[in-house]
>>> print(open('model-v3.cif').read())   # mmCIF, C-alpha atoms
data_structure
loop_
_atom_site.label_atom_id
_atom_site.label_comp_id
_atom_site.auth_asym_id
_atom_site.auth_seq_id
_atom_site.Cartn_x
_atom_site.Cartn_y
_atom_site.Cartn_z
CA VAL A 5 11.27 26.02 -8.30
CA LEU A 6 12.89 27.43 -5.17
CA ARG A 7 11.45 25.52 -2.20
CA PRO A 8 12.71 27.27 0.94
CA ARG A 9 12.17 25.85 4.39
CA PHE A 10 11.31 29.32 5.76
CA VAL A 11 10.02 32.55 4.23
CA ARG A 12 10.50 35.74 6.26
CA LEU A 13 7.55 38.13 6.18
CA ASP A 14 8.01 41.82 7.03
CA ALA A 15 5.02 42.48 9.29
CA ALA A 16 5.23 46.29 9.18
CA GLY A 17 5.41 46.32 5.40
CA LEU A 18 2.31 44.12 5.19
CA SER A 19 0.24 45.90 7.86
CA THR A 20 -1.59 49.23 8.18
CA LEU A 21 -1.89 51.28 11.36
CA THR A 22 -5.59 52.16 11.70
CA ASN A 23 -5.63 53.76 15.16
CA SER A 24 -2.47 55.06 16.79
CA ARG A 25 -3.98 55.45 20.28
CA GLN A 26 -4.98 51.85 21.00
CA PRO A 27 -3.04 51.00 18.74
CA SER A 28 -4.93 48.88 16.19
CA PHE A 29 -3.93 47.56 12.78
CA ASP A 30 -5.24 46.02 9.60
CA PHE A 31 -3.37 42.72 9.17
CA SER A 32 -5.32 41.38 6.17
CA ARG A 33 -2.34 41.60 3.78
CA LEU A 34 -0.10 39.90 6.32
CA ALA A 35 -2.59 37.08 6.83
CA ASP A 36 -2.86 36.59 3.05
CA ALA A 37 0.95 36.46 2.78
CA VAL A 38 1.07 33.71 5.42
CA LYS A 39 -1.41 31.67 3.36
CA ARG A 40 0.76 32.08 0.25
CA VAL A 41 3.85 30.93 2.14
CA ARG A 42 1.97 27.86 3.37
CA ALA A 43 0.90 27.14 -0.21
CA LEU A 44 4.59 26.99 -1.13
CA GLY A 45 5.11 24.34 1.53
CA ALA A 46 7.29 26.69 3.59
CA GLU A 47 7.23 27.83 7.22
CA PRO A 48 6.51 31.55 7.78
CA LEU A 49 8.92 33.51 9.93
CA LEU A 50 6.99 36.59 11.04
CA SER A 51 9.40 39.50 11.44
CA LEU A 52 7.77 42.07 13.71
CA THR A 53 9.44 45.07 12.15
CA ASN A 54 8.64 48.49 13.58
CA ASP A 55 7.70 51.33 11.22
CA PRO A 56 9.22 54.50 12.73
CA ALA A 57 6.22 56.48 11.43
CA TRP A 58 3.98 54.58 13.86
CA GLY A 59 5.77 56.06 16.89
CA LEU A 60 5.34 52.95 19.04
CA ASP A 61 6.83 52.75 22.51
CA SER A 62 7.68 49.35 24.00
CA ARG A 63 4.18 48.85 25.45
CA ARG A 64 2.39 49.61 22.20
CA TYR A 65 4.94 47.60 20.24
CA ALA A 66 4.02 44.58 22.37
CA VAL A 67 0.33 45.23 21.59
CA TYR A 68 1.20 45.25 17.89
CA ALA A 69 3.25 42.05 18.19
CA LYS A 70 0.47 40.19 20.01
CA ALA A 71 -2.19 41.45 17.62
CA ALA A 72 -0.14 40.40 14.57
CA ALA A 73 0.36 36.92 16.00
CA ASN A 74 -3.35 36.59 16.74
CA ALA A 75 -4.34 37.85 13.30
CA VAL A 76 -2.23 35.37 11.32
CA ASN A 77 -3.26 32.45 13.53
CA GLN A 78 -7.00 33.09 13.66
CA ASN A 79 -8.83 30.07 12.21
CA ASN A 80 -5.46 28.73 11.09
CA ALA A 81 -5.07 24.96 11.29
CA ARG A 82 -1.29 25.37 10.93
CA PRO A 83 -0.41 28.31 13.17
CA VAL A 84 2.66 30.45 12.67
CA ARG A 85 5.19 29.53 15.35
CA TRP A 86 8.29 31.57 14.49
CA PHE A 87 8.42 35.26 15.45
CA GLU A 88 11.34 37.66 15.08
CA VAL A 89 11.20 40.66 17.40
CA ALA A 90 12.82 43.41 15.34
CA PRO A 91 12.11 46.84 16.89
CA GLY A 92 14.80 48.54 14.81
CA THR A 93 16.46 50.56 17.55
CA THR A 94 20.19 50.25 18.18
CA ASP A 95 19.93 51.69 21.71
CA ALA A 96 20.58 48.65 23.88
CA THR A 97 18.37 49.67 26.82
CA ALA A 98 15.40 50.50 24.59
CA ALA A 99 15.93 47.42 22.45
CA ILE A 100 15.83 45.06 25.45
CA ALA A 101 12.65 46.74 26.72
CA PHE A 102 10.97 46.28 23.32
CA TYR A 103 12.18 42.71 23.05
CA ASN A 104 11.13 41.53 26.51
CA ARG A 105 7.64 43.02 26.31
CA ALA A 106 6.98 41.52 22.89
CA GLN A 107 8.52 38.18 23.82
CA THR A 108 6.32 37.91 26.91
CA ALA A 109 3.19 38.83 24.95
CA ILE A 110 3.81 36.27 22.20
CA LYS A 111 4.80 33.48 24.57
CA ALA A 112 1.61 34.12 26.56
CA LEU A 113 -0.40 33.20 23.46
CA SER A 114 1.21 29.76 23.24
CA PRO A 115 4.30 28.16 24.77
CA ALA A 116 4.85 26.53 21.35
CA ASN A 117 5.65 29.92 19.84
CA ARG A 118 9.35 30.44 19.06
CA VAL A 119 10.54 34.00 19.68
CA GLY A 120 13.94 35.44 18.79
CA GLY A 121 15.57 38.62 17.64
CA MET A 122 16.55 41.22 16.98
CA GLY A 123 17.71 41.30 13.37
CA ALA A 124 20.54 43.67 14.24
CA SER A 125 23.76 43.92 12.30
CA SER A 126 25.97 40.90 12.93
CA GLY A 127 28.78 43.34 13.62
CA ASN A 128 26.92 45.13 16.43
CA THR A 129 28.39 42.97 19.18
CA GLY A 130 27.50 45.48 21.89
CA LEU A 131 23.79 45.15 21.19
CA LEU A 132 24.09 41.39 20.80
CA ARG A 133 25.80 41.06 24.20
CA ALA A 134 23.08 43.21 25.76
CA LEU A 135 20.44 40.89 24.31
CA MET A 136 22.25 37.80 25.60
CA SER A 137 22.35 39.21 29.14
CA GLY A 138 19.01 41.03 29.21
CA ALA A 139 16.58 38.80 27.29
CA ARG A 140 14.01 36.92 29.35
CA GLY A 141 14.15 34.11 26.84
CA LEU A 142 15.55 33.50 23.38
CA ASP A 143 14.60 30.70 20.98
CA PHE A 144 16.90 31.89 18.20
CA LEU A 145 19.32 34.74 17.58
CA SER A 146 18.69 36.70 14.39
CA VAL A 147 21.17 39.04 12.72
CA SER A 148 21.67 40.74 9.37
CA PHE A 149 24.69 40.45 7.08
CA TYR A 150 25.66 42.56 4.06
CA GLY A 151 28.79 42.75 1.95
CA ALA A 152 28.69 46.52 2.46
CA SER A 153 26.41 48.96 4.24
CA SER A 154 26.90 52.04 2.09
CA GLY A 155 28.39 53.31 -1.14
CA LEU A 156 29.55 51.28 -4.13
CA PRO A 157 32.70 49.45 -3.01
CA PRO A 158 34.88 47.44 -5.41
CA GLU A 159 33.75 43.89 -6.12
CA ALA A 160 36.91 42.56 -4.49
CA ASN A 161 35.81 44.07 -1.16
CA LEU A 162 32.30 42.64 -1.44
CA PHE A 163 33.54 39.14 -2.22
CA ALA A 164 36.15 39.33 0.54
CA SER A 165 33.34 40.08 3.00
CA ALA A 166 31.30 37.12 1.71
CA ARG A 167 34.27 34.75 2.03
CA GLY A 168 35.52 35.96 5.40
CA VAL A 169 32.14 36.63 7.14
CA GLN A 170 34.02 38.31 9.98
CA ASN A 171 30.95 40.03 11.44
CA LEU A 172 29.02 36.77 11.37
CA LYS A 173 31.89 35.06 13.19
CA SER A 174 31.71 37.78 15.83
CA ALA A 175 27.96 37.25 16.28
CA ALA A 176 28.43 33.49 16.56
CA GLY A 177 31.15 34.07 19.15
CA VAL A 178 28.83 36.23 21.27
CA LEU A 179 26.13 33.55 21.07
CA ASP A 180 28.53 30.72 21.92
CA ALA A 181 29.73 32.58 25.02
CA SER A 182 26.19 33.17 26.32
CA ARG A 183 23.58 31.20 28.28
CA PHE A 184 21.71 30.79 24.96
CA ARG A 185 24.62 29.04 23.24
CA ASN A 186 22.44 26.12 22.10
CA VAL A 187 19.82 28.14 20.21
CA PRO A 188 20.05 28.45 16.40
CA LEU A 189 21.60 31.43 14.62
CA PHE A 190 19.52 32.90 11.80
CA VAL A 191 20.72 35.46 9.27
CA THR A 192 17.31 36.96 8.53
CA SER A 193 18.46 39.72 6.17
CA ALA A 194 21.39 39.38 3.77
CA ASN A 195 22.55 40.72 0.44
CA MET A 196 25.58 41.95 -1.46
CA ASN A 197 25.10 45.59 -0.46
CA ALA A 198 22.64 47.26 1.92
CA ALA A 199 23.06 50.73 0.37
CA ARG A 200 19.68 52.21 -0.51
CA GLU A 201 18.53 55.00 -2.77
CA SER A 202 17.66 58.11 -0.79
CA GLY A 203 14.10 57.90 0.52
CA ALA A 204 13.30 54.57 -1.14
CA ASN A 205 13.48 50.86 -0.41
CA ALA A 206 15.55 50.21 -3.52
CA PRO A 207 19.22 49.28 -3.75
CA GLN A 208 21.76 51.88 -4.74
CA ASP A 209 23.97 49.11 -6.11
CA SER A 210 22.55 47.59 -9.32
CA ARG A 211 25.00 44.67 -9.03
CA VAL A 212 22.63 42.95 -6.58
CA MET A 213 20.33 42.20 -9.56
CA GLY A 214 23.05 40.95 -11.89
CA ALA A 215 25.55 38.14 -12.23
CA PRO A 216 27.90 39.63 -9.57
CA GLY A 217 25.03 39.36 -7.09
CA GLY A 218 24.57 35.69 -7.92
CA ALA A 219 28.28 34.93 -7.49
CA TRP A 220 28.27 36.87 -4.21
CA TRP A 221 25.47 34.66 -2.89
CA ALA A 222 27.40 31.53 -3.85
CA ALA A 223 30.39 32.80 -1.88
CA PHE A 224 28.32 33.88 1.12
CA LEU A 225 26.29 30.68 1.34
CA GLY A 226 29.51 28.67 1.26
CA SER A 227 30.99 30.60 4.18
CA GLY A 228 27.88 31.64 6.09
CA SER A 229 26.43 28.13 6.19
CA ARG A 230 29.31 27.06 8.41
CA LEU A 231 27.96 29.36 11.14
CA ALA A 232 24.27 30.05 10.51
CA ASP A 233 21.40 27.57 10.73
CA GLN A 234 19.19 29.55 8.32
CA ILE A 235 20.00 32.31 5.82
CA PHE A 236 17.36 34.62 4.31
CA HIS A 237 17.46 37.00 1.35
CA ASN A 238 16.72 40.52 2.61
CA ASP A 239 13.68 41.20 0.38
CA ALA A 240 11.76 38.60 -1.57
CA VAL A 241 8.97 41.08 -2.39
CA ASN A 242 10.63 44.03 -4.14
CA PRO A 243 12.30 42.95 -7.42
CA GLU A 244 14.92 45.69 -7.22
CA TRP A 245 16.68 43.60 -4.57
CA GLY A 246 17.48 40.93 -7.12
CA LEU A 247 15.42 37.83 -6.31
CA ILE A 248 12.17 37.71 -8.32
CA ASP A 249 9.81 40.24 -9.91
CA GLU A 250 6.03 40.49 -10.08
CA LYS A 251 5.97 38.61 -13.41
CA ALA A 252 7.96 35.72 -11.90
CA LYS A 253 11.16 36.72 -13.72
CA VAL A 254 14.02 35.48 -11.58
CA TYR A 255 17.48 36.94 -11.14
CA PRO A 256 20.90 35.30 -10.61
CA ALA A 257 20.58 35.30 -6.80
CA TYR A 258 17.42 33.19 -7.13
CA TYR A 259 19.16 30.68 -9.42
CA VAL A 260 22.08 30.36 -7.01
CA MET A 261 19.74 29.72 -4.07
CA TRP A 262 17.90 27.14 -6.17
CA MET A 263 21.19 25.41 -6.98
CA TRP A 264 22.23 25.48 -3.34
CA ASN A 265 18.92 24.09 -2.02
CA ASN A 266 18.80 21.33 -4.63
CA TYR A 267 22.44 20.21 -4.84
CA LEU A 268 23.79 21.11 -1.37
CA PRO A 269 20.63 20.39 0.64
CA VAL A 270 20.11 19.94 4.36
CA GLY A 271 21.74 16.68 5.41
CA SER A 272 24.70 16.99 3.02
CA GLU A 273 28.13 16.04 4.33
CA ARG A 274 30.62 18.83 3.73
CA VAL A 275 34.00 17.67 2.42
CA LEU A 276 37.36 19.32 2.07
CA ALA A 277 37.73 21.40 -1.10
CA SER A 278 40.21 24.07 -2.09
CA ALA A 279 40.88 26.34 -5.06
CA LEU A 280 44.48 26.68 -6.25
CA ARG A 281 46.25 28.76 -8.89
CA SER A 282 49.78 27.58 -9.67
CA ASP A 283 49.62 25.39 -6.54
CA LYS A 284 48.79 28.38 -4.35
CA PRO A 285 45.40 29.22 -2.77
CA THR A 286 43.31 31.66 -4.80
CA ASN A 287 40.13 33.60 -4.17
CA ASP A 288 39.29 33.92 -7.85
CA VAL A 289 37.05 30.86 -7.66
CA VAL A 290 34.94 29.99 -4.63
CA VAL A 291 34.41 26.26 -4.08
CA THR A 292 32.09 24.30 -1.77
CA ALA A 293 31.88 20.49 -1.99
CA VAL A 294 29.48 18.01 -0.40
CA ASN A 295 28.39 14.42 -0.41
CA ALA A 296 24.66 14.80 -0.95
CA PRO A 297 22.23 12.78 1.19
CA VAL A 298 21.74 9.25 -0.09
CA VAL A 299 18.26 8.62 -1.51
CA LYS A 300 17.32 5.00 -2.14
CA GLY A 301 17.15 4.19 -5.83
CA ARG A 302 18.95 7.37 -6.94
CA PRO A 303 22.59 7.85 -7.93
CA ILE A 304 24.90 8.85 -5.09
CA ALA A 305 25.97 12.44 -5.80
CA HIS A 306 29.23 14.17 -4.93
CA ASN A 307 28.54 17.84 -5.75
CA VAL A 308 31.00 20.69 -6.19
CA LEU A 309 29.70 24.27 -6.29
CA LEU A 310 31.98 26.73 -8.09
CA ALA A 311 31.64 30.50 -8.47
CA ASN A 312 33.85 32.77 -10.55
CA THR A 313 34.22 36.00 -8.58
CA ARG A 314 36.09 37.79 -11.36
CA ASP A 315 34.86 39.86 -14.30
CA GLN A 316 36.76 37.69 -16.78
CA SER A 317 36.49 34.06 -17.83
CA VAL A 318 38.54 31.42 -16.05
CA ALA A 319 39.32 27.78 -16.86
CA VAL A 320 38.80 25.50 -13.87
CA LYS A 321 40.31 22.03 -13.47
CA ILE A 322 38.50 19.79 -11.00
CA ALA A 323 39.78 16.58 -9.44
CA ILE A 324 37.80 14.43 -7.04
CA ARG A 325 38.83 11.30 -5.21
CA GLY A 326 37.68 8.92 -2.52
CA PHE A 327 34.92 6.83 -4.13
CA PRO A 328 35.24 3.57 -6.07
CA VAL A 329 32.82 3.68 -9.02
CA LEU A 330 31.96 6.64 -11.24
CA ARG A 331 28.72 6.22 -13.11
CA ALA A 332 28.51 9.66 -14.76
CA ALA A 333 29.48 13.31 -14.47
CA GLN A 334 27.25 16.27 -15.25
CA MET A 335 26.91 19.96 -14.58
CA GLN A 336 24.31 22.60 -13.73
CA ILE A 337 25.63 26.01 -14.78
CA MET A 338 24.45 29.60 -14.70
CA ASP A 339 26.67 31.24 -17.30
CA ASP A 340 23.82 33.48 -18.50
CA PRO A 341 22.03 35.71 -15.92
CA LEU A 342 18.66 34.59 -17.29
CA THR A 343 18.91 30.82 -17.09
CA VAL A 344 20.55 27.70 -15.67
CA ARG A 345 21.60 24.99 -18.10
CA GLN A 346 20.71 21.74 -16.41
CA ASP A 347 22.21 18.25 -16.58
CA VAL A 348 24.98 19.19 -19.02
CA ALA A 349 26.80 15.92 -19.77
CA LEU A 350 30.51 15.82 -18.94
CA PRO A 351 33.15 13.17 -19.70
CA LYS A 352 32.94 10.13 -17.44
CA SER A 353 36.01 11.00 -15.42
CA PRO A 354 36.94 12.16 -11.92
CA PHE A 355 38.95 14.91 -13.64
CA GLN A 356 37.09 17.75 -15.35
CA THR A 357 37.95 21.04 -17.01
CA ILE A 358 35.23 23.66 -17.40
CA THR A 359 35.23 27.33 -18.35
CA LEU A 360 33.42 29.75 -16.11
CA ARG A 361 32.41 33.03 -17.68
CA PRO A 362 32.57 36.19 -15.55
CA HIS A 363 30.58 35.67 -12.34
CA SER A 364 29.28 32.28 -13.49
CA VAL A 365 28.14 29.72 -10.93
CA ALA A 366 28.11 25.97 -11.54
CA VAL A 367 27.52 22.70 -9.73
CA VAL A 368 29.62 19.81 -11.06
CA GLN A 369 28.20 16.40 -10.09
CA PHE A 370 30.10 13.14 -9.86
CA LEU A 371 27.58 10.31 -9.66
CA GLU A 372 27.96 6.81 -8.27
CA PRO A 373 25.47 4.00 -9.01
CA PRO A 374 22.53 3.88 -6.55
CA LYS A 375 22.68 1.53 -3.59
#
>>> encode(input="model-v3.cif", output="structure tokens")
Amino acid sequence: VLRPRFVRLDAAGLSTLTNSRQPSFDFSRLADAVKRVRALGAEPLLSLTNDPAWGLDSRRYAVYAKAAANAVNQNNARPVRWFEVAPGTTDATAAIAFYNRAQTAIKALSPANRVGGMGASSGNTGLLRALMSGARGLDFLSVSFYGASSGLPPEANLFASARGVQNLKSAAGVLDASRFRNVPLFVTSANMNAARESGANAPQDSRVMGAPGGAWWAAFLGSGSRLADQIFHNDAVNPEWGLIDEKAKVYPAYYVMWMWNNYLPVGSERVLASALRSDKPTNDVVVTAVNAPVVKGRPIAHNVLLANTRDQSVAVKIAIRGFPVLRAAQMQIMDDPLTVRQDVALPKSPFQTITLRPHSVAVVQFLEPPK
């Protein structure tokens, strides 16, 4: 089971405008969604998205933001504390006006509330700089990241974007150069391709639902986690975006996130790892390696995440060094888009050879005896 620390909730998508003059809203679906997130043991991140059909100006957007925060926290023993101001405009002057009004309104409800924004593209450095200079306060910076924003580019381009994360580096650079340099960086909307079908919230690129989408997430998590404190899938509600459907059928992206959360969890120590072909660096296989947190009474795990970014099988030789006693080696592997084979026994050796099918993702574990 995927046990995320946060779940982002799209407030506009879970709310209904009932009176455009006041304005007033029906937040019953949003409040129910918060309860479901709490039942999962996760922290809700309320994204105050702005439906263009509502026609809200900055004053009425702040009314909506305050009302949403009040609605989800009414009679709530565990109030929602994380709020993303996401007005949707790319005009810097308007965006800052929306942000500051909403930020002030939410902070007035409780100083414990954490307010950030604005969910803009990580490559929109102009808007990000305007936010850094114009925001009254910022508890976290939120951006979006996609392998592509339109069309159906070649897989090589999508994987290159996931490995290089150039836009995310730019966003991190803007944050580091600002007065808010110590606040966390959240990627609150990410996926392989943002391209949508005309007039619908459905991806134009079917690869987001398949094995290529899973391998893309493995590559992006490996690179993006070096910069971002939290990374969110762009849409956990609509199955077309490749996470989970209404019948709890899960897709490769879900399995990859499950593998990441379980075998490269918070507190892991990242270690040097590289992929070589004929003694030269290669991008065919993405590799991330960690020393997992030590848990008393459990084997000490050295975990290597591998993703085949090609549409053909590849044999991978793995060598690990630097620890004295090997108790066992095993593997978790998604070589079928519908399942992960767990705890596959491997030879008791620091040297392994495995075959990765096209776009397969695996975690190879080298286990020491518990301390």
>>> residues_around(input="model-v3.cif", residues="stretch 237-253 of chain A", least_positions_apart="6", cutoff="6 Å", atoms="all atoms listed in the file", output="list in words")
Ser193, Ala194, Ala206, Val212 and Met213 of chain A
>>> closest_residue(input="model-v3.cif", among="A:Asn161, A:Gln346, A:Ser282, A:Ser137", to="A:Asn104", atoms="all atoms listed in the file")
A:Ser137
>>> closest_residue(input="model-v3.cif", among="A:Pro374, A:Pro285, A:Gly226, A:Gly301", to="A:Leu268", atoms="only C-alpha atoms")
A:Gly226
>>> resolve_selection(input="model-v3.cif", expression="the PyMOL selection byres ((chain A and resi 8) around 10)", output="PyMOL selection string")
chain A and resi 5-7+9-11+41+44-47+236+261-262+265
>>> residues_around(input="model-v3.cif", residues="A:Asp288", least_positions_apart="6", cutoff="7 Å", atoms="only C-alpha atoms", output="JSON, numbers by chain")
{"A": [312, 313, 314]}
